[in-house]
Amino acid sequence: MNNRITSLFQSKKKNILSVYFTAGYPALDDTTTIISELDKNGVDLIEIGIPFSDPLADGPIIQQSGQKAIHNGMTISYLFNELKDTRNHTKIPLILMGYLNPILQFGVKAFCETCSRIGIDGLIIPDLPPDYYKLHFQDLFKEHNLCNIMLITPQTDDDRIKEIDSLSSGFIYMVSTNSITGANKTLEQQLPYFERVAKMKLKNPTLVGFGIHDRQTYQIATKYSNGAIIGSAFIKALKKSNLLDKPISDFVGRVGR
Amino acid sequence: MSTFKISKDGFYGEYGGAFIPEMLHHNIKELQENYLQIINSESFQQEFATLLQDYVGRPTPLYFSQNLSEHYQTNIYLKREDLNHTGAHKINNTIGQILLAKQLGKKHIIAETGAGQHGVATATACALANMPCTIFMGEVDIKRQAPNVKKMELLGAKVVTAMSGSKTLKDATNEAIRAWINDPVETHYIIGSVVGPHPYPDMVAQFQSVISKEIKEQLKSKTGKENPDYIIACVGGGSNAIGAFYHFIDNGFTKLIAVEAAGLGLDSGKTAASITLGKKGIIHGSMTYLMQTDDGQIVEPHSISAGLDYPGVGPVHAYLNDTGKAAVTSVTDHEAMKAALFLSKTEGIIPALESAHALAYLEKIKFKPQEIVIINLSGRGDKDMATYQNYLENE
Ligand SMILES: Cc1ncc(COP(=O)(O)O)c(C=O)c1O
């Protein structure tokens, strides 16, 4: 079955830019505007964050955007409703990224069905362990043509990277450093790790994320990978709901490529 | 130490597991693969037992409470965890974990704390082991448990204010986990209850199981019977309760009563009764009951006692509840407060507000005159003096 993420990586091997933002931030109904602005400005892939009260892997910026979004009224049902006509307007690959608990409460089956119906292409669930994925998610993901995008970190050993590669589709999310999102650790010293993973010749492409915030960090991150993911730095650029177009085009321009 | 039925992947039935982001996998796996071997080794057991005896002050007495027994017309014993060094059961766990951290070659300790009892017990163990430690505590709790903050600092700990979310225990735990992600190689995280990803629930339960081991021996020598009719304990995360239940779980005789904090009342919206009111889900890496909205956002609990003010509960208690091996009940802030004042006046023991929840259960059922009832008095009330005074002034 054709999947927009898989197709993207078939046609483009380098310098992919994926942008993460939190649904419901700055304002509840900004999701579709942000998607179309990112699309217009040449971003390749979009990760839409489902806000969670207790995001263990996230730094202050994503935490605060999530809190604001929950306060604004964002829920999975609301998001699905907001996105229901998106596929009439854009072909850009869309990923939902969220913690496991809200998805469990929504119902895993209904969640996957709805994702597929509205044109979501992949999922990143950072606290879903591979074993649990195999038991309770894998069949549903396959049935609904959803890519399972899993994380690896500098601490992940080669055997586990291979296992994660075998369970993943779309791409592998390479966490750049030992850190939560939005960290400012230097990336240069991570080059051996980036190179080590590149040499493993995984079946999936790789995107590097966490701490990528400008042209320079983007370039280091993409030296050995297929592209990079920007989250916190982008969210920081979004201040006012009624002024989204200019900050978004400025931001994407600053990263360059 | 025996292992209480946990599957290879750390599940009690469907509860538990390790739902953690990949960033923590390496650390958690290191613990999973090593904890049993380390804590079951003879040298560890010996060092642990010696420290519990000479440093912590164990065994703690099993005290036959004459006055309470007369009042309630039954036989009530208090397991005096309040007499431990630092004033609560929490130190049983921190001594165990600091020895484990040393074995693993860790150089730095982090921990979360709500009431500050676990923070003080961690800072104490770290001072003893000469390891630097950082304690995360919510901004709200720092204000309401100020004396414990001072104690931790005196013991050499660095106390970091958790400013995220609702700024209490749940958020202090989030911050500790985030700090661990940021520094995974040399740091050990000493979690304070039977919560968090596998192997913490089982490991902490094993360290606390010394409580029921002693109860069994002490009761036998006092009464000739080793199994009481009831064991009653309060449940925040559930570490003192599982410690007190551990060696009685499968005897088919003893009724195990877990008392949650109802806060202002079960239907008040301000409560911490996670098993009674919660739904199954994931909190801090563990599948268990937790208080959450229909959308799966974790709800901030309320209890007058900071140590029970947690929206989840250890997975072992979710399992004991579902299988009927333990009974879960709850008492309100007000009932706990009355029980605390009553014990102070009748026995000359000022209990921690947490432990007062277990005492308050005595009002709830009529025990038979020949029955033996054990209350796990998990801690002393020094830290709660401001709350008690406040209550008395407003009465
Ligand atoms: C005295 C005392 N009892 C009980 C608790 C609750 O924890 P747990 O349920 O893990 O025993 C605390 C926590 O701070 C405490 O200080």
# chains A, B, ... in the order shown; residues from 1 in each chain; ligands from 1

$ interface_residues --of "chain A" --to "chain B" --cutoff "9 Å" --atoms "only C-alpha atoms" --output "number ranges by chain"
A: 51-60, 63-64, 67, 70, 75-77, 100-106, 125-129, 132, 150-157, 175, 177-180, 183

$ closest_atom_pairs --of "chain B" --to "ligand 1" --cutoff "7 Å" --atoms "only C-alpha atoms and all ligand atoms" --output "Markdown table"
| residue | atom | partner | partner_atom_place_in_ligand_line | distance |
| --- | --- | --- | --- | --- |
| B:Ala88 | CA | ligand 1 | 1 (C) | 5.0 |
| B:His89 | CA | ligand 1 | 1 (C) | 6.8 |
| B:Lys90 | CA | ligand 1 | 16 (O) | 6.9 |
| B:Gly114 | CA | ligand 1 | 14 (O) | 6.1 |
| B:Ala115 | CA | ligand 1 | 14 (O) | 5.1 |
| B:Gly116 | CA | ligand 1 | 14 (O) | 6.7 |
| B:Gln117 | CA | ligand 1 | 16 (O) | 4.9 |
| B:His118 | CA | ligand 1 | 14 (O) | 6.0 |
| B:Gly192 | CA | ligand 1 | 10 (O) | 6.6 |
| B:Ser193 | CA | ligand 1 | 10 (O) | 4.2 |
| B:Val194 | CA | ligand 1 | 10 (O) | 6.3 |
| B:Cys234 | CA | ligand 1 | 9 (O) | 6.2 |
| B:Val235 | CA | ligand 1 | 9 (O) | 3.9 |
| B:Gly236 | CA | ligand 1 | 9 (O) | 3.4 |
| B:Gly237 | CA | ligand 1 | 9 (O) | 4.0 |
| B:Gly238 | CA | ligand 1 | 9 (O) | 3.3 |
| B:Ser239 | CA | ligand 1 | 10 (O) | 3.5 |
| B:Asn240 | CA | ligand 1 | 11 (O) | 3.7 |
| B:Ala241 | CA | ligand 1 | 11 (O) | 5.9 |
| B:Ala306 | CA | ligand 1 | 14 (O) | 6.7 |
| B:Gly307 | CA | ligand 1 | 14 (O) | 3.4 |
| B:Leu308 | CA | ligand 1 | 6 (C) | 5.2 |
| B:Ala352 | CA | ligand 1 | 1 (C) | 5.2 |
| B:Glu354 | CA | ligand 1 | 3 (N) | 4.7 |
| B:Ser355 | CA | ligand 1 | 3 (N) | 5.4 |
| B:Ser378 | CA | ligand 1 | 3 (N) | 4.6 |
| B:Gly379 | CA | ligand 1 | 1 (C) | 3.6 |
| B:Arg380 | CA | ligand 1 | 1 (C) | 6.4 |

$ select_by_dssp --residues "range 9-191 of chain A" --states "helix (DSSP H, G or I)" --output "VMD selection string"
chain A and resid 9 to 11 31 to 40 60 to 72 76 to 82 86 to 88 100 to 106 108 to 118 130 to 136 138 to 143 158 to 167 188 to 191

$ residues_around --residues "Ile95 in chain A" --least-positions-apart "4" --cutoff "10 Å" --atoms "only C-alpha atoms" --output "PyMOL selection string"
chain A and resi 5+18+20+45-49+115+119-124+146-149

$ residues_around --residues "Phe9 in chain A" --least-positions-apart "3" --cutoff "8 Å" --atoms "only C-alpha atoms" --output "list in words"
Ile5, Thr6, Lys12, Lys13, Gly170 and Pro205 of chain A

$ closest_residue --among "A:Asn3, A:Thr22, A:Ile92, A:Asn204" --to "Lys236 in chain A" --atoms "only C-alpha atoms"
A:Thr22

$ residues_around --residues "Asp322 in chain B" --least-positions-apart "6" --cutoff "10 Å" --atoms "only C-alpha atoms" --output "ChimeraX atom specification"
/B:13,275,316,328

$ write_last_selection --atoms "all heavy atoms" --output "PDB file, in the first residue's frame"
ATOM      1  N   GLY B  13      -0.184  -9.463  36.626  1.00  0.00           N
ATOM      2  CA  GLY B  13      -1.356  -9.555  35.757  1.00  0.00           C
ATOM      3  C   GLY B  13      -1.175  -8.588  34.610  1.00  0.00           C
ATOM      4  O   GLY B  13      -0.170  -8.631  33.909  1.00  0.00           O
ATOM      5  N   ILE B 275      -7.308   4.059  43.336  1.00  0.00           N
ATOM      6  CA  ILE B 275      -7.879   2.755  42.959  1.00  0.00           C
ATOM      7  C   ILE B 275      -9.401   2.853  42.963  1.00  0.00           C
ATOM      8  O   ILE B 275     -10.074   2.398  42.041  1.00  0.00           O
ATOM      9  CB  ILE B 275      -7.418   1.629  43.918  1.00  0.00           C
ATOM     10  CG1 ILE B 275      -5.889   1.506  43.891  1.00  0.00           C
ATOM     11  CG2 ILE B 275      -8.072   0.300  43.542  1.00  0.00           C
ATOM     12  CD1 ILE B 275      -5.336   0.408  44.786  1.00  0.00           C
ATOM     13  N   VAL B 316       1.183  -3.193  41.870  1.00  0.00           N
ATOM     14  CA  VAL B 316       0.888  -4.373  42.690  1.00  0.00           C
ATOM     15  C   VAL B 316      -0.444  -4.184  43.416  1.00  0.00           C
ATOM     16  O   VAL B 316      -1.211  -5.137  43.586  1.00  0.00           O
ATOM     17  CB  VAL B 316       2.035  -4.680  43.681  1.00  0.00           C
ATOM     18  CG1 VAL B 316       2.180  -3.596  44.742  1.00  0.00           C
ATOM     19  CG2 VAL B 316       1.821  -6.023  44.352  1.00  0.00           C
ATOM     20  N   VAL B 328      -9.616  -2.510  49.163  1.00  0.00           N
ATOM     21  CA  VAL B 328      -9.232  -1.108  49.114  1.00  0.00           C
ATOM     22  C   VAL B 328     -10.377  -0.257  49.631  1.00  0.00           C
ATOM     23  O   VAL B 328     -11.531  -0.462  49.262  1.00  0.00           O
ATOM     24  CB  VAL B 328      -8.875  -0.695  47.674  1.00  0.00           C
ATOM     25  CG1 VAL B 328      -8.540   0.795  47.619  1.00  0.00           C
ATOM     26  CG2 VAL B 328      -7.704  -1.516  47.176  1.00  0.00           C
TER      27      VAL B 328
END

$ residues_around --residues "Ala23 in chain A" --least-positions-apart "4" --cutoff "8 Å" --atoms "only C-alpha atoms" --output "JSON, numbers by chain"
{"A": [28, 30, 31, 48, 49, 50, 51, 66, 69, 74, 79]}

$ atom_distance --atom1 "CA of Ile35 in chain A" --atom2 "CA of Thr86 in chain A"
8.8 Å

$ residues_around --residues "Ile95 in chain B" --least-positions-apart "4" --cutoff "8 Å" --atoms "only C-alpha atoms" --output "short mmCIF file (atom, residue, chain, number, x, y, z; two decimals) with all heavy atoms, in the first residue's frame"
data_model
loop_
_atom_site.label_atom_id
_atom_site.label_comp_id
_atom_site.auth_asym_id
_atom_site.auth_seq_id
_atom_site.Cartn_x
_atom_site.Cartn_y
_atom_site.Cartn_z
N PHE B 48 22.97 -4.96 54.02
CA PHE B 48 21.64 -4.37 54.15
C PHE B 48 21.09 -4.64 55.56
O PHE B 48 20.64 -3.74 56.26
CB PHE B 48 20.73 -4.95 53.07
CG PHE B 48 19.36 -4.33 52.98
CD1 PHE B 48 19.18 -2.95 53.03
CD2 PHE B 48 18.23 -5.14 52.81
CE1 PHE B 48 17.91 -2.38 52.92
CE2 PHE B 48 16.96 -4.58 52.72
CZ PHE B 48 16.80 -3.20 52.77
N LEU B 51 22.93 -2.62 58.26
CA LEU B 51 22.56 -1.21 58.28
C LEU B 51 21.14 -1.02 58.81
O LEU B 51 20.87 -0.09 59.57
CB LEU B 51 22.67 -0.61 56.87
CG LEU B 51 24.09 -0.24 56.42
CD1 LEU B 51 24.08 0.17 54.96
CD2 LEU B 51 24.66 0.88 57.28
N LEU B 52 20.24 -1.91 58.42
CA LEU B 52 18.86 -1.79 58.93
C LEU B 52 18.87 -1.91 60.45
O LEU B 52 18.16 -1.20 61.15
CB LEU B 52 17.95 -2.84 58.31
CG LEU B 52 17.54 -2.65 56.85
CD1 LEU B 52 16.54 -3.72 56.41
CD2 LEU B 52 16.95 -1.26 56.59
N ILE B 91 13.08 4.91 54.68
CA ILE B 91 14.52 4.66 54.72
C ILE B 91 14.87 3.19 54.45
O ILE B 91 15.97 2.89 53.99
CB ILE B 91 15.12 5.15 56.06
CG1 ILE B 91 16.65 5.25 55.92
CG2 ILE B 91 14.70 4.25 57.22
CD1 ILE B 91 17.33 6.16 56.89
N LEU B 99 22.79 1.02 48.32
CA LEU B 99 23.75 -0.08 48.20
C LEU B 99 23.76 -0.62 46.77
O LEU B 99 24.81 -0.93 46.21
CB LEU B 99 23.39 -1.21 49.19
CG LEU B 99 23.49 -0.87 50.68
CD1 LEU B 99 23.10 -2.07 51.53
CD2 LEU B 99 24.90 -0.40 51.05
N THR B 122 16.42 9.77 51.42
CA THR B 122 17.42 9.65 50.35
C THR B 122 18.67 10.46 50.69
O THR B 122 19.80 9.97 50.55
CB THR B 122 16.83 10.13 49.00
OG1 THR B 122 15.67 9.35 48.71
CG2 THR B 122 17.83 9.98 47.87
N ALA B 125 20.67 8.56 53.25
CA ALA B 125 21.41 7.43 52.69
C ALA B 125 22.60 7.92 51.87
O ALA B 125 23.68 7.31 51.88
CB ALA B 125 20.48 6.57 51.83
#

$ select_by_dssp --residues "range 39-118 of chain A" --states "strand (DSSP E)" --output "list in words"
Leu45, Ile46, Glu47, Ile48, Gly49, Leu94, Ile95, Leu96 and Met97 of chain A

$ closest_residue --among "B:Asp382, B:Asp309, B:Glu260, B:Asp267" --to "Ser330 in chain B" --atoms "only C-alpha atoms"
B:Glu260

$ atom_distance --atom1 "CA of Asn321 in chain B" --atom2 "CA of Phe367 in chain B"
21.7 Å

$ closest_residue --among "A:Phe141, A:Pro247, A:Ala198, A:Ile220" --to "Ile172 in chain A" --atoms "only C-alpha atoms"
A:Ala198

$ closest_residue --among "A:Met174, A:Ile230, A:Met97, A:Val108" --to "Tyr218 in chain A" --atoms "only C-alpha atoms"
A:Ile230

$ atom_distance --atom1 "CA of Leu243 in chain A" --atom2 "CA of Gln216 in chain A"
26.5 Å
